[in-house]
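Please read the structure below before turning to the comments.
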Amino acid sequence: QEQLVESGGGSVQTGGSLRLSCGASRYTYRTYCMGWFRQAAGKEREGVATIYSGDGSTYYADSVKGRFTISQDNAKNTLYLQMNSLKPEDTAKYYCAAQSSTGSWCRFALNRGRDFGYWGQGTQVTVSS
């Protein structure tokens, strides 16, 4: 069973950068979708970015396009989220998630958080103005 463990959260000022990491114990699926989701206090969880293992396609929420980059290192079984030009509205707890999938499923997975079967415990990101 996959286990996901996030790290790299912290506190930064507006305009700063952070890199989140998500280590996976193992992948038993040939193709899968991995993603980053976040939930701010008092708000619903939202999809931030996803990546499809089959071809490396990436998808982003409009609010983070051009600032965040999702990537993965297959040799290390690690997912990353590079976050630049951080804003106070990026403050949230960030979670990584994984699910076996097709490419078409992953393309729309930002809105399918409830369908991901594996989740990490989350890491807090706080951006101060």
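Numbering starts fresh at 1 for the residues of each chain in the structure tokens, the chains themselves are lettered A, B, ... in the order given, and ligands are numbered from 1 as they appear.
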
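For A:Ser53, the residues within 8 Å (counting only C-alpha atoms, excluding itself and residues fewer than 2 positions away along the chain) are Thr31, Tyr32, Cys33, Met34, Ile51, Asp55, Gly56 and Ser57 of chain A.
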
query = Which is closer to A:Ser129 than all the others in A:Ala24, A:Leu86, A:Ala41, A:Ala75, using only C-alpha atoms?
reply = A:Leu86

Can you write out as a Markdown table which residues of stretch 2-94 of chain A fall within 12 Å of stretch 98-105 of chain A, alongside each residue's closest atom pair and its distance in Å to one decimal, counting only C-alpha atoms and ordering rows by chain and ascending residue number?
| residue | atom | partner | partner_atom | distance |
| --- | --- | --- | --- | --- |
| A:Glu2 | CA | A:Ala98 | CA | 8.4 |
| A:Gln3 | CA | A:Ala98 | CA | 9.4 |
| A:Leu4 | CA | A:Ala98 | CA | 8.3 |
| A:Val5 | CA | A:Ala98 | CA | 11.5 |
| A:Cys22 | CA | A:Ala98 | CA | 10.3 |
| A:Gly23 | CA | A:Ala98 | CA | 11.1 |
| A:Ala24 | CA | A:Ala98 | CA | 9.1 |
| A:Ser25 | CA | A:Ala98 | CA | 11.6 |
| A:Arg26 | CA | A:Ala98 | CA | 11.0 |
| A:Tyr27 | CA | A:Ser100 | CA | 9.1 |
| A:Thr28 | CA | A:Ser100 | CA | 8.7 |
| A:Tyr29 | CA | A:Ser100 | CA | 5.9 |
| A:Arg30 | CA | A:Ser100 | CA | 7.7 |
| A:Thr31 | CA | A:Ser100 | CA | 5.9 |
| A:Tyr32 | CA | A:Ser100 | CA | 3.9 |
| A:Cys33 | CA | A:Gln99 | CA | 5.4 |
| A:Met34 | CA | A:Ala98 | CA | 4.4 |
| A:Gly35 | CA | A:Ala98 | CA | 6.5 |
| A:Trp36 | CA | A:Ala98 | CA | 9.1 |
| A:Phe37 | CA | A:Ala98 | CA | 10.9 |
| A:Ala49 | CA | A:Ala98 | CA | 11.9 |
| A:Thr50 | CA | A:Ala98 | CA | 9.4 |
| A:Ile51 | CA | A:Gly103 | CA | 9.2 |
| A:Tyr52 | CA | A:Gly103 | CA | 6.2 |
| A:Ser53 | CA | A:Gly103 | CA | 8.4 |
| A:Gly54 | CA | A:Gly103 | CA | 7.0 |
| A:Asp55 | CA | A:Gly103 | CA | 8.1 |
| A:Gly56 | CA | A:Gly103 | CA | 9.5 |
| A:Ser57 | CA | A:Gly103 | CA | 8.2 |
| A:Thr58 | CA | A:Gly103 | CA | 10.2 |
| A:Tyr59 | CA | A:Gly103 | CA | 11.2 |
| A:Asn77 | CA | A:Ala98 | CA | 11.7 |
| A:Thr78 | CA | A:Ala98 | CA | 11.4 |
| A:Leu79 | CA | A:Ala98 | CA | 10.0 |

Residues of stretch 53-115 of chain A within 9 Å of stretch 17-21 of chain A: nearest atom pair and distance (Å, one decimal) for each, counting only C-alpha atoms, sorted by chain and number, as a Markdown table?
| residue | atom | partner | partner_atom | distance |
| --- | --- | --- | --- | --- |
| A:Thr78 | CA | A:Ser21 | CA | 6.7 |
| A:Leu79 | CA | A:Ser21 | CA | 5.7 |
| A:Tyr80 | CA | A:Ser21 | CA | 4.6 |
| A:Leu81 | CA | A:Leu20 | CA | 5.0 |
| A:Gln82 | CA | A:Arg19 | CA | 4.4 |
| A:Met83 | CA | A:Leu18 | CA | 5.2 |
| A:Asn84 | CA | A:Ser17 | CA | 4.4 |
| A:Ser85 | CA | A:Ser17 | CA | 6.2 |
| A:Leu86 | CA | A:Ser17 | CA | 6.2 |
| A:Tyr94 | CA | A:Leu20 | CA | 8.6 |
| A:Cys96 | CA | A:Ser21 | CA | 8.7 |

query = Which parts of chain A does DSSP call strand (DSSP E) when run on the backbone here, written out as a count of residues only?
reply = 62

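Each of A:Tyr95, A:Tyr60, A:Phe68, A:Tyr118 was compared to A:Ser7 using only C-alpha atoms, and A:Tyr95 turns out to be the nearest.
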